[in-house]
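Text of model-v4.txt, listed as compact mmCIF, C-alpha atoms:
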# COMPACT_ATOMS: atom_id res chain seq x y z
CA MET A 1 16.88 8.33 -0.57
CA SER A 2 19.26 8.52 2.36
CA ASP A 3 22.98 8.64 1.70
CA PHE A 4 23.29 5.52 3.86
CA SER A 5 22.32 2.20 2.32
CA VAL A 6 21.92 0.64 5.77
CA ARG A 7 20.50 2.26 8.89
CA GLU A 8 18.76 1.45 12.14
CA LEU A 9 15.02 2.04 12.04
CA PRO A 10 12.32 1.78 14.74
CA LEU A 11 9.66 -0.72 13.66
CA PHE A 12 5.90 -0.59 14.06
CA PRO A 13 4.61 -4.12 13.20
CA LEU A 14 0.90 -4.14 12.38
CA PRO A 15 -1.44 -7.05 11.57
CA ASP A 16 -2.40 -7.02 7.89
CA VAL A 17 -1.28 -3.42 7.26
CA VAL A 18 0.93 -2.81 4.21
CA LEU A 19 2.24 0.67 3.48
CA PHE A 20 3.38 1.61 -0.04
CA PRO A 21 5.73 4.43 -1.07
CA GLN A 22 4.06 7.82 -1.54
CA GLN A 23 0.82 6.65 0.07
CA LEU A 24 -0.78 8.16 3.19
CA LEU A 25 -1.48 6.09 6.28
CA PRO A 26 -3.25 7.52 9.37
CA LEU A 27 -2.43 5.75 12.64
CA HIS A 28 -3.67 5.75 16.21
CA ILE A 29 -0.83 5.32 18.71
CA PHE A 30 -2.00 4.19 22.14
CA GLU A 31 0.30 1.43 23.48
CA SER A 32 2.94 2.78 25.87
CA ARG A 33 5.87 1.26 23.95
CA TYR A 34 4.73 2.89 20.71
CA ARG A 35 4.12 6.18 22.47
CA MET A 36 7.79 5.99 23.41
CA MET A 37 8.68 5.09 19.85
CA LEU A 38 6.75 8.07 18.49
CA GLN A 39 8.43 10.44 20.93
CA SER A 40 11.83 9.12 19.85
CA VAL A 41 10.91 9.40 16.18
CA LEU A 42 9.65 12.97 16.52
CA GLU A 43 12.91 13.93 18.21
CA SER A 44 14.96 12.56 15.29
CA ASP A 45 14.02 12.42 11.60
CA LYS A 46 10.30 11.57 12.02
CA ARG A 47 10.75 8.19 10.33
CA PHE A 48 9.98 4.63 11.36
CA GLY A 49 9.18 1.37 9.63
CA ILE A 50 5.75 -0.15 8.99
CA VAL A 51 5.96 -3.95 8.71
CA ARG A 52 3.09 -6.36 8.19
CA ILE A 53 2.40 -9.06 10.75
CA ASP A 54 0.69 -12.15 9.34
CA PRO A 55 -2.23 -12.84 11.74
CA SER A 56 -2.21 -16.55 10.88
CA ASN A 57 1.28 -17.22 12.22
CA ARG A 58 2.28 -13.90 13.89
CA GLU A 59 5.38 -13.71 11.70
CA MET A 60 6.76 -10.36 10.66
CA ALA A 61 7.46 -9.72 6.98
CA GLU A 62 11.03 -9.19 5.82
CA ILE A 63 10.07 -6.24 3.59
CA GLY A 64 8.41 -3.12 4.94
CA CYS A 65 8.06 0.56 4.10
CA CYS A 66 9.54 3.56 5.85
CA ALA A 67 6.90 6.01 7.10
CA GLU A 68 7.46 9.72 7.68
CA VAL A 69 5.27 11.54 10.20
CA LEU A 70 3.55 14.46 8.48
CA GLN A 71 1.06 15.41 11.18
CA HIS A 72 0.61 14.42 14.80
CA GLN A 73 -1.80 15.31 17.56
CA THR A 74 -1.54 14.04 21.14
CA THR A 75 -4.51 13.89 23.49
CA ASP A 76 -4.47 14.66 27.21
CA ASP A 77 -4.25 10.95 28.07
CA GLY A 78 -1.15 10.46 25.91
CA ARG A 79 -2.69 8.84 22.84
CA SER A 80 -1.60 10.20 19.48
CA TYR A 81 -3.23 10.48 16.09
CA ILE A 82 -0.70 10.76 13.30
CA VAL A 83 -0.65 10.91 9.51
CA THR A 84 2.30 9.28 7.79
CA LEU A 85 3.57 9.17 4.23
CA GLY A 86 5.25 6.09 2.80
CA GLN A 87 8.85 6.63 1.74
CA GLN A 88 11.27 3.97 0.48
CA ARG A 89 10.90 0.24 1.05
CA PHE A 90 13.37 -1.66 3.20
CA ARG A 91 14.52 -5.17 4.04
CA VAL A 92 14.93 -6.15 7.69
CA LEU A 93 18.49 -7.38 8.15
CA ASN A 94 18.50 -8.06 11.88
CA ILE A 95 16.62 -7.00 14.98
CA THR A 96 18.80 -4.75 17.14
CA ARG A 97 16.48 -4.51 20.14
CA GLU A 98 13.05 -5.62 21.31
CA THR A 99 12.41 -3.21 24.20
CA PRO A 100 11.02 -0.73 24.87
CA PHE A 101 10.10 -0.95 21.18
CA ARG A 102 11.49 -3.01 18.33
CA SER A 103 14.28 -1.63 16.14
CA ALA A 104 16.22 -3.21 13.31
CA MET A 105 19.05 -2.64 10.89
CA VAL A 106 17.51 -2.29 7.45
CA SER A 107 18.69 -1.88 3.87
CA TRP A 108 16.73 0.08 1.28
CA VAL A 109 14.92 -1.69 -1.55
CA GLU A 110 14.40 -0.12 -4.98
CA ASP A 111 12.86 -1.34 -8.22
CA ASP A 112 15.14 -2.81 -10.87
CA GLU A 113 16.24 -0.66 -13.79
CA VAL A 114 13.64 -0.56 -16.55
CA GLU A 115 14.88 -2.35 -19.67
CA ASN A 116 11.89 -1.59 -21.94
CA PRO A 117 10.40 1.84 -21.06
CA ASP A 118 8.00 1.84 -24.03
CA GLY A 119 6.61 -1.57 -23.13
CA LEU A 120 6.25 -0.51 -19.51
CA ASN A 121 4.37 2.65 -20.51
CA ASP A 122 2.06 0.63 -22.75
CA LEU A 123 1.31 -1.77 -19.90
CA SER A 124 0.70 1.16 -17.57
CA THR A 125 -1.89 2.56 -20.00
CA THR A 126 -3.57 -0.85 -20.23
CA VAL A 127 -3.71 -1.08 -16.44
CA ARG A 128 -5.21 2.42 -16.18
CA ASP A 129 -7.89 1.49 -18.72
CA ALA A 130 -8.76 -1.67 -16.77
CA LEU A 131 -8.89 0.35 -13.56
CA HIS A 132 -11.28 2.87 -15.13
CA ASP A 133 -13.50 0.03 -16.38
CA VAL A 134 -13.64 -1.53 -12.91
CA VAL A 135 -14.57 1.81 -11.33
CA ASN A 136 -17.24 2.55 -13.98
CA LEU A 137 -18.80 -0.91 -13.70
CA THR A 138 -18.78 -0.68 -9.92
CA ALA A 139 -20.54 2.68 -10.10
CA LYS A 140 -23.19 1.24 -12.43
CA LEU A 141 -23.83 -1.78 -10.21
CA GLN A 142 -24.05 0.30 -7.04
CA GLY A 143 -26.09 3.07 -8.63
CA ARG A 144 -23.83 5.81 -7.33
CA ASP A 145 -20.96 7.96 -8.43
CA VAL A 146 -17.58 6.27 -8.05
CA THR A 147 -14.64 8.12 -9.53
CA LEU A 148 -10.88 7.93 -9.57
CA PRO A 149 -8.87 10.83 -8.14
CA GLU A 150 -7.73 13.48 -10.59
CA ASP A 151 -4.16 13.13 -9.34
CA LEU A 152 -3.92 9.43 -10.18
CA PRO A 153 -0.18 8.83 -10.79
CA ASP A 154 1.01 8.86 -14.40
CA LEU A 155 4.37 7.15 -13.89
CA PRO A 156 4.23 3.32 -14.02
CA ARG A 157 6.05 2.72 -10.75
CA GLU A 158 3.96 5.23 -8.80
CA LEU A 159 0.76 3.94 -10.41
CA SER A 160 1.60 0.40 -9.33
CA PHE A 161 2.13 1.57 -5.75
CA TRP A 162 -1.16 3.50 -5.77
CA ILE A 163 -3.10 0.47 -6.98
CA GLY A 164 -1.38 -1.76 -4.45
CA ALA A 165 -2.34 0.58 -1.63
CA HIS A 166 -5.99 0.72 -2.73
CA LEU A 167 -6.67 -2.99 -2.95
CA ASP A 168 -9.37 -4.38 -0.69
CA ASN A 169 -8.08 -4.38 2.88
CA ARG A 170 -8.76 -8.12 3.02
CA ALA A 171 -6.00 -8.63 0.44
CA ALA A 172 -3.05 -7.83 2.71
CA GLY A 173 -1.22 -10.98 1.62
CA GLU A 174 -1.43 -9.91 -2.02
CA GLN A 175 -0.41 -6.38 -1.07
CA GLN A 176 2.66 -7.73 0.69
CA GLY A 177 3.59 -9.70 -2.40
CA LEU A 178 3.27 -6.60 -4.57
CA LEU A 179 5.35 -4.55 -2.13
CA GLU A 180 8.16 -7.09 -2.28
CA LEU A 181 8.40 -7.15 -6.08
CA THR A 182 11.29 -5.15 -7.52
CA ASP A 183 10.16 -5.42 -11.16
CA THR A 184 7.69 -2.63 -11.98
CA HIS A 185 6.50 -4.50 -15.09
CA GLU A 186 5.79 -7.64 -13.09
CA ARG A 187 3.93 -5.65 -10.43
CA LEU A 188 1.75 -3.93 -13.03
CA GLN A 189 1.14 -7.20 -14.90
CA ARG A 190 -0.06 -8.88 -11.72
CA GLN A 191 -2.34 -5.93 -11.04
CA PHE A 192 -3.72 -6.05 -14.57
CA ASP A 193 -4.54 -9.72 -14.14
CA MET A 194 -6.46 -8.92 -10.95
CA LEU A 195 -8.24 -5.93 -12.48
CA ASP A 196 -9.13 -7.82 -15.65
CA ASN A 197 -10.60 -10.69 -13.65
CA THR A 198 -12.61 -8.21 -11.57
CA ARG A 199 -13.71 -6.39 -14.72
CA ARG A 200 -15.04 -9.62 -16.25
CA GLN A 201 -16.94 -10.50 -13.08
CA LEU A 202 -18.45 -7.02 -12.82
CA ALA A 203 -19.41 -7.03 -16.50
CA ALA A 204 -21.23 -10.34 -16.07
CA ARG A 205 -23.07 -9.02 -13.01
CA THR A 206 -23.99 -5.86 -14.93
CA VAL A 207 -25.49 -7.91 -17.77
CA LEU A 208 -27.44 -9.99 -15.27
CA LYS A 209 -28.69 -6.90 -13.48
CA ASP A 210 -29.80 -5.32 -16.77
CA THR A 211 -31.57 -8.54 -17.79
CA LEU A 212 -33.43 -8.86 -14.50
CA SER A 213 -34.44 -5.19 -14.52
CA ASN A 214 -35.68 -5.50 -18.13
CA PRO A 215 -37.31 -8.95 -18.31
CA ASP A 216 -39.02 -8.19 -21.61
CA ASN A 217 -35.63 -7.95 -23.32
CA SER A 218 -34.84 -11.56 -22.46
CA ASP A 219 -37.75 -12.76 -24.64
CA ALA A 220 -36.62 -10.84 -27.68
Rewrite the structure from the file as structure tokens, please.
Amino acid sequence: MSDFSVRELPLFPLPDVVLFPQQLLPLHIFESRYRMMLQSVLESDKRFGIVRIDPSNREMAEIGCCAEVLQHQTTDDGRSYIVTLGQQRFRVLNITRETPFRSAMVSWVEDDEVENPDGLNDLSTTVRDALHDVVNLTAKLQGRDVTLPEDLPDLPRELSFWIGAHLDNRAAGEQQGLLELTDTHERLQRQFDMLDNTRRQLAARTVLKDTLSNPDNSDA
């Protein structure tokens, strides 16, 4: 984390895009104002803020995530393709300018101190098990190999961010809610509830699929 608890940060508001800490996000920069933003960022510390815009009301979220540019490639016509890595979360305190690109004073957001490490680790294991079940059931239903990455995070906080980042891209509202939570246990519990509900639905569909593919068994 930076030594400064408050700093000015260029913002890149995006409809229904939520970046989580330690997660990769590739971006295509083509608008002139964001080309200027990228140039400014590359000349400083390579960091800017990703903030979700709600398409239903065009409002910008108060909590976003700082992105660090890891790779960038600019085409002859000035467009850029970049790969960013999520760093710490932040809260927008006030907008400092709107042109040529939006900037704001932000304060960093961290998770609360863990009061029950053993309980949190137990919940993390339960969440991992539910995640594995969902992946295995999905693979069975789709008839193809679906696996989790070997480097799936072990630490509860990092695991919760990984799961949040890999939710269906139609769940941006839920992702935003998870990003804003500062209680790792609460974040993991909410994710377990989602995974468990999905697991039950997939299990029911698997039973139905097996029954339909083996009609003789239903008469037994």
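Atom pair CA of Ser80 in chain A / CA of Ser56 in chain A has a distance of 28.1 Å (rounded to one decimal).
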Distance in Å - CA of Asn116 in chain A versus CA of Cys66 in chain A: 28.4 Å
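Of the listed residues (A:Glu174, A:Asp154, A:Glu31, A:Asp76), A:Asp154 comes nearest to Ser124 in chain A; the distances count only C-alpha atoms.
Contact shell of Val41 in chain A at 9 Å (only C-alpha atoms; same-chain neighbours under 6 positions omitted): A:Pro10, A:Arg47, A:Phe48, A:Val69.
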Answer as JSON, numbers by chain, residues within 12 Å of (-2.8, 3.3, -5.1) using all atoms listed in the file: {"A": [18, 19, 20, 21, 22, 23, 24, 25, 86, 128, 131, 148, 149, 151, 152, 153, 154, 155, 156, 157, 158, 159, 160, 161, 162, 163, 164, 165, 166, 167, 168, 175, 178, 179, 188, 191]}
